[in-house]
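Colleague: Got a structure for you, written out below as structure tokens; questions coming shortly.
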Amino acid sequence: MTAPLSVALVTLGCARNEVDSEELAGRLAADGFRLVADADVADTVVVNTCGFVEAAKKDSVDTLLEAADLKAEGRTRAVVAVGCLAERYGKDLADSMPEADAVLGFDDYPDIAARLRSIVAGEAHHPHTPQDRRRLLPISPVERATSVDESDHSVPGHFLNSGPRAVRRRLEGGPMAPLKLASGCDRRCSFCAIPSFRGSFVSRRPSDVLGEAAWLAGQGVREVFLVSENSTSYGKDLGDLRLLETLLPELAAVEGIDRVRVSYLQPAETRPGLVEALATTPGVAPYFDLSFQHASGPVLRRMRRFGDPDSFLALLDRVRDHAPLAGVRSNVIVGFPGETEADLQVLCDFLVAARMDVTGVFGYSDEDGTEAAGFDGKHDDDEVRARVEHVTVLVEELTARRAEERVGETVEVLVESVADGDDGEVAGSGVVGVVGRAAHQGPEVDGTTLLAGSSARVGELVRAEVVASDGVDLVARPVGEGA
């Protein structure tokens, strides 16, 4: 009997890509592939690429080249690119990267097992010619629900009717897992190419989201992280723009799920009812991942976005009126075409007033096919870097100060790792390094909380008092039972 082919999936980019990889893994496992964690011992290495910004593209290409080195050494038989970079560039990526045996687009996902078998067998795969995926669905969101056949899995990430057990296979352990709420985006930000290769906005049905949450709880997950390109749009194509407010308490009530977290909120769409639901629903983290991108009105208009410092600060006031200790994070782009020194100062003044827990700072760079790539008033690379450095220094000071303000607060920490000795010890104290995240800390990018003197295990929720901070990271001591 022939041994099953083995496959390693290497995932780059955001949490949405993590879900895509796990859906691919589920399909491959169901069709006889053996999943392995180490690319060194895999017959096939599948790299789920990111195509968001230049740094992510370079990381994707470098990872593909590293996998190709394994093939040159005889340790793997095929290297395959999937994901956003593959979908976005298709044939051009294949032509520029002969080291990869194939470049697969989203439309290949339903038949991924057959595709990989043919590639390992030496058959040539003809990569797709990229197209604007926004044109695949009706312009009107409410018409999309009837146009997407739930038995047809050609829309990436919308394996709606096949059930999580048949489709998704967890590749990483741990008590937190991303859960896809929707795919695509209808916004037309002038700097962003994501809608062109991810497509128009399509919500998953609540029953599918709830079913997958229950399945994840059965896999040991205690926190679900709702991911999409724009969570504030959830439900608009299903005829109910307030569907997220209804869904959140149902998700929080799923047995085994202790915390629900929502990612990527558009400030202009963050309605009062959603603010209240996120801030006050038991079991939902009072966590606001608000995509401000800038604060200067003129820059935001050139970005094809809405807002200004007053409206953004008013939104943050509403958040803190409901939940004074809420976590707030955002990303900003500096060096956008036409950004003046005055615009940059407006942004800096806003960041000081906003008191956010975490702010990601990115320098503008042209993205293929975007409106902003044709704008005049561009800054040279040195100027963009200087502005990034200036704002980054400010943000590091502000976020460290915000973390210091949390000293004395009581937090609930979801334990994610436990290590002995020096791995995470508190200032030479020799305590066991029990590390997790408080409700205001999102996964991977928002800092962590070290529980001093705790013997908690991975997956436990520990009530603790914050006693110190280090940058955005916190140190806390358990309170109450067992303290």
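Just so we're on the same page: first chain in the structure tokens is A, next is B, and so on; residues restart at 1 for each chain, and ligands are numbered from 1 in the order they show up.
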Using only C-alpha atoms, determine which residues lie at most 6 Å from Gly363 of chain A, disregarding the query and same-chain residues fewer than 6 positions distant; provide the list as a list in words.

Modeller: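 The contact residues come out as Ile333, Val334, Gly335, Val384 and Val388 of chain A.
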
Colleague: Please produce an output containing all heavy atoms for each residue in the selection, written as a PDB file, in the first residue's frame.

Modeller:
ATOM      1  N   ILE A 333      -1.147  55.177   9.007  1.00  0.00           N
ATOM      2  CA  ILE A 333      -0.226  55.265   7.869  1.00  0.00           C
ATOM      3  C   ILE A 333       0.334  56.677   7.839  1.00  0.00           C
ATOM      4  O   ILE A 333      -0.425  57.651   7.841  1.00  0.00           O
ATOM      5  CB  ILE A 333      -0.950  54.964   6.548  1.00  0.00           C
ATOM      6  CG1 ILE A 333      -1.507  53.543   6.549  1.00  0.00           C
ATOM      7  CG2 ILE A 333      -0.014  55.169   5.361  1.00  0.00           C
ATOM      8  CD1 ILE A 333      -2.394  53.241   5.348  1.00  0.00           C
ATOM      9  N   VAL A 334       1.656  56.797   7.812  1.00  0.00           N
ATOM     10  CA  VAL A 334       2.286  58.122   7.726  1.00  0.00           C
ATOM     11  C   VAL A 334       3.053  58.233   6.411  1.00  0.00           C
ATOM     12  O   VAL A 334       3.432  57.229   5.802  1.00  0.00           O
ATOM     13  CB  VAL A 334       3.213  58.388   8.924  1.00  0.00           C
ATOM     14  CG1 VAL A 334       2.413  58.371  10.218  1.00  0.00           C
ATOM     15  CG2 VAL A 334       4.336  57.390   8.998  1.00  0.00           C
ATOM     16  N   GLY A 335       3.256  59.476   5.991  1.00  0.00           N
ATOM     17  CA  GLY A 335       3.941  59.698   4.720  1.00  0.00           C
ATOM     18  C   GLY A 335       3.041  59.494   3.523  1.00  0.00           C
ATOM     19  O   GLY A 335       3.528  59.297   2.394  1.00  0.00           O
ATOM     20  N   VAL A 384       9.659  59.342   4.296  1.00  0.00           N
ATOM     21  CA  VAL A 384       8.658  58.432   4.879  1.00  0.00           C
ATOM     22  C   VAL A 384       9.245  57.724   6.096  1.00  0.00           C
ATOM     23  O   VAL A 384       8.607  57.627   7.156  1.00  0.00           O
ATOM     24  CB  VAL A 384       8.161  57.419   3.833  1.00  0.00           C
ATOM     25  CG1 VAL A 384       7.271  56.355   4.500  1.00  0.00           C
ATOM     26  CG2 VAL A 384       7.388  58.129   2.716  1.00  0.00           C
ATOM     27  N   VAL A 388       7.930  57.860   9.932  1.00  0.00           N
ATOM     28  CA  VAL A 388       7.604  56.627  10.664  1.00  0.00           C
ATOM     29  C   VAL A 388       8.363  56.588  11.988  1.00  0.00           C
ATOM     30  O   VAL A 388       7.797  56.275  13.051  1.00  0.00           O
ATOM     31  CB  VAL A 388       7.931  55.383   9.818  1.00  0.00           C
ATOM     32  CG1 VAL A 388       7.870  54.110  10.675  1.00  0.00           C
ATOM     33  CG2 VAL A 388       6.977  55.266   8.639  1.00  0.00           C
TER      34      VAL A 388
END

Colleague: So that I can check the secondary structure, give me every residue of segment 141-319 of chain A assigned strand (DSSP E or B) by backbone DSSP, as a list in words.

Modeller: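 Put together, the selection reads Met176, Ala177, Pro178, Leu179, Lys180, Ala182, Ser183, Val202, Ser203, Glu223, Val224, Phe225, Leu226, Val227, Arg259, Val260, Arg261, Val262, Leu265, Val284, Tyr287, Phe288, Asp289, Leu290 and Gln293 of chain A.
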
Colleague: For the selection just defined, write its residues with N, CA and C atoms to a file, as a PDB file, in the first residue's frame.

Modeller:
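Dumped to result_32.pdb:
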ATOM      1  N   MET A 176      -6.729  30.021  22.157  1.00  0.00           N
ATOM      2  CA  MET A 176      -7.327  31.053  21.310  1.00  0.00           C
ATOM      3  C   MET A 176      -7.321  30.588  19.867  1.00  0.00           C
ATOM      4  N   ALA A 177      -8.403  30.888  19.161  1.00  0.00           N
ATOM      5  CA  ALA A 177      -8.450  30.560  17.735  1.00  0.00           C
ATOM      6  C   ALA A 177      -9.201  31.649  16.986  1.00  0.00           C
ATOM      7  N   PRO A 178      -8.713  32.034  15.802  1.00  0.00           N
ATOM      8  CA  PRO A 178      -9.487  32.954  14.963  1.00  0.00           C
ATOM      9  C   PRO A 178     -10.710  32.253  14.392  1.00  0.00           C
ATOM     10  N   LEU A 179     -11.762  32.991  14.223  1.00  0.00           N
ATOM     11  CA  LEU A 179     -13.017  32.475  13.676  1.00  0.00           C
ATOM     12  C   LEU A 179     -13.495  33.476  12.633  1.00  0.00           C
ATOM     13  N   LYS A 180     -13.585  33.016  11.389  1.00  0.00           N
ATOM     14  CA  LYS A 180     -13.914  33.934  10.304  1.00  0.00           C
ATOM     15  C   LYS A 180     -15.378  34.346  10.362  1.00  0.00           C
ATOM     16  N   ALA A 182     -16.537  36.982   8.183  1.00  0.00           N
ATOM     17  CA  ALA A 182     -16.896  37.386   6.819  1.00  0.00           C
ATOM     18  C   ALA A 182     -15.632  37.430   5.988  1.00  0.00           C
ATOM     19  N   SER A 183     -15.790  37.589   4.693  1.00  0.00           N
ATOM     20  CA  SER A 183     -14.656  37.765   3.788  1.00  0.00           C
ATOM     21  C   SER A 183     -14.939  38.921   2.841  1.00  0.00           C
ATOM     22  N   VAL A 202     -18.832  39.478   2.029  1.00  0.00           N
ATOM     23  CA  VAL A 202     -19.824  38.414   2.180  1.00  0.00           C
ATOM     24  C   VAL A 202     -19.781  37.915   3.620  1.00  0.00           C
ATOM     25  N   SER A 203     -20.919  38.000   4.312  1.00  0.00           N
ATOM     26  CA  SER A 203     -21.020  37.517   5.683  1.00  0.00           C
ATOM     27  C   SER A 203     -21.232  36.006   5.721  1.00  0.00           C
ATOM     28  N   GLU A 223     -11.031  31.225  23.795  1.00  0.00           N
ATOM     29  CA  GLU A 223     -11.298  32.556  23.243  1.00  0.00           C
ATOM     30  C   GLU A 223     -11.396  32.453  21.737  1.00  0.00           C
ATOM     31  N   VAL A 224     -12.492  32.969  21.173  1.00  0.00           N
ATOM     32  CA  VAL A 224     -12.605  33.052  19.720  1.00  0.00           C
ATOM     33  C   VAL A 224     -12.395  34.503  19.314  1.00  0.00           C
ATOM     34  N   PHE A 225     -11.616  34.669  18.255  1.00  0.00           N
ATOM     35  CA  PHE A 225     -11.222  35.983  17.750  1.00  0.00           C
ATOM     36  C   PHE A 225     -11.883  36.151  16.398  1.00  0.00           C
ATOM     37  N   LEU A 226     -12.954  36.937  16.352  1.00  0.00           N
ATOM     38  CA  LEU A 226     -13.715  37.104  15.117  1.00  0.00           C
ATOM     39  C   LEU A 226     -12.926  37.960  14.141  1.00  0.00           C
ATOM     40  N   VAL A 227     -12.655  37.410  12.951  1.00  0.00           N
ATOM     41  CA  VAL A 227     -11.815  38.101  11.983  1.00  0.00           C
ATOM     42  C   VAL A 227     -12.568  38.299  10.672  1.00  0.00           C
ATOM     43  N   ARG A 259     -14.392  33.794  26.228  1.00  0.00           N
ATOM     44  CA  ARG A 259     -14.192  35.173  25.777  1.00  0.00           C
ATOM     45  C   ARG A 259     -14.337  35.249  24.257  1.00  0.00           C
ATOM     46  N   VAL A 260     -15.067  36.260  23.816  1.00  0.00           N
ATOM     47  CA  VAL A 260     -15.242  36.552  22.394  1.00  0.00           C
ATOM     48  C   VAL A 260     -14.597  37.907  22.125  1.00  0.00           C
ATOM     49  N   ARG A 261     -13.793  37.974  21.082  1.00  0.00           N
ATOM     50  CA  ARG A 261     -13.094  39.211  20.730  1.00  0.00           C
ATOM     51  C   ARG A 261     -13.376  39.519  19.263  1.00  0.00           C
ATOM     52  N   VAL A 262     -13.568  40.785  18.951  1.00  0.00           N
ATOM     53  CA  VAL A 262     -13.883  41.202  17.577  1.00  0.00           C
ATOM     54  C   VAL A 262     -12.730  42.041  17.041  1.00  0.00           C
ATOM     55  N   LEU A 265     -12.622  47.059  13.220  1.00  0.00           N
ATOM     56  CA  LEU A 265     -13.825  47.879  13.159  1.00  0.00           C
ATOM     57  C   LEU A 265     -13.529  49.161  12.386  1.00  0.00           C
ATOM     58  N   VAL A 284     -17.917  39.025  26.272  1.00  0.00           N
ATOM     59  CA  VAL A 284     -17.329  39.695  25.106  1.00  0.00           C
ATOM     60  C   VAL A 284     -16.267  40.672  25.615  1.00  0.00           C
ATOM     61  N   TYR A 287     -13.055  45.395  23.761  1.00  0.00           N
ATOM     62  CA  TYR A 287     -11.826  45.550  22.971  1.00  0.00           C
ATOM     63  C   TYR A 287     -12.217  46.185  21.650  1.00  0.00           C
ATOM     64  N   PHE A 288     -11.565  47.295  21.307  1.00  0.00           N
ATOM     65  CA  PHE A 288     -11.958  48.055  20.127  1.00  0.00           C
ATOM     66  C   PHE A 288     -10.755  48.219  19.205  1.00  0.00           C
ATOM     67  N   ASP A 289     -10.754  47.412  18.144  1.00  0.00           N
ATOM     68  CA  ASP A 289      -9.706  47.430  17.124  1.00  0.00           C
ATOM     69  C   ASP A 289     -10.190  48.364  16.022  1.00  0.00           C
ATOM     70  N   LEU A 290      -9.903  49.646  16.181  1.00  0.00           N
ATOM     71  CA  LEU A 290     -10.470  50.695  15.330  1.00  0.00           C
ATOM     72  C   LEU A 290      -9.466  51.132  14.277  1.00  0.00           C
ATOM     73  N   GLN A 293      -6.312  54.866  10.732  1.00  0.00           N
ATOM     74  CA  GLN A 293      -5.393  55.089   9.614  1.00  0.00           C
ATOM     75  C   GLN A 293      -4.727  56.480   9.618  1.00  0.00           C
TER      76      GLN A 293
END

Colleague: Which parts of segment 235-412 of chain A does DSSP call alpha helix (DSSP H) when run on the backbone here, written out as a ChimeraX atom specification?

Modeller: /A:243-252,272-280,297-302,309-322,341-354,381-405

Colleague: Enter the distance from atom CA of Val411 of chain A to atom CA of Ala439 of chain A, in Å, rounded to one decimal.

Modeller: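 These two atoms are separated by 7.1 Å.
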
Colleague: Please identify all polymer residues within 12 Å of Arg16 of chain A, counting only C-alpha atoms, omitting same-chain residues fewer than 3 positions from it, and present them as an MDAnalysis selection string.

Modeller: chainID A and resid 11:13 19:23 48:50 83:84 156:158 177:184 198 225:230 263:264

Colleague: Restricting the calculation to only C-alpha atoms: of A:Arg320, A:Gly220, A:Ala400, A:Val472, which residue gets closest to Glu460 of chain A?

Modeller: A:Gly220

Colleague: Mind giving me the straight-line distance from atom CA of Tyr234 of chain A to atom CA of Phe52 of chain A in Å, one decimal?

Modeller: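 Result for atom CA of Tyr234 of chain A versus atom CA of Phe52 of chain A: 21.9 Å, one decimal.
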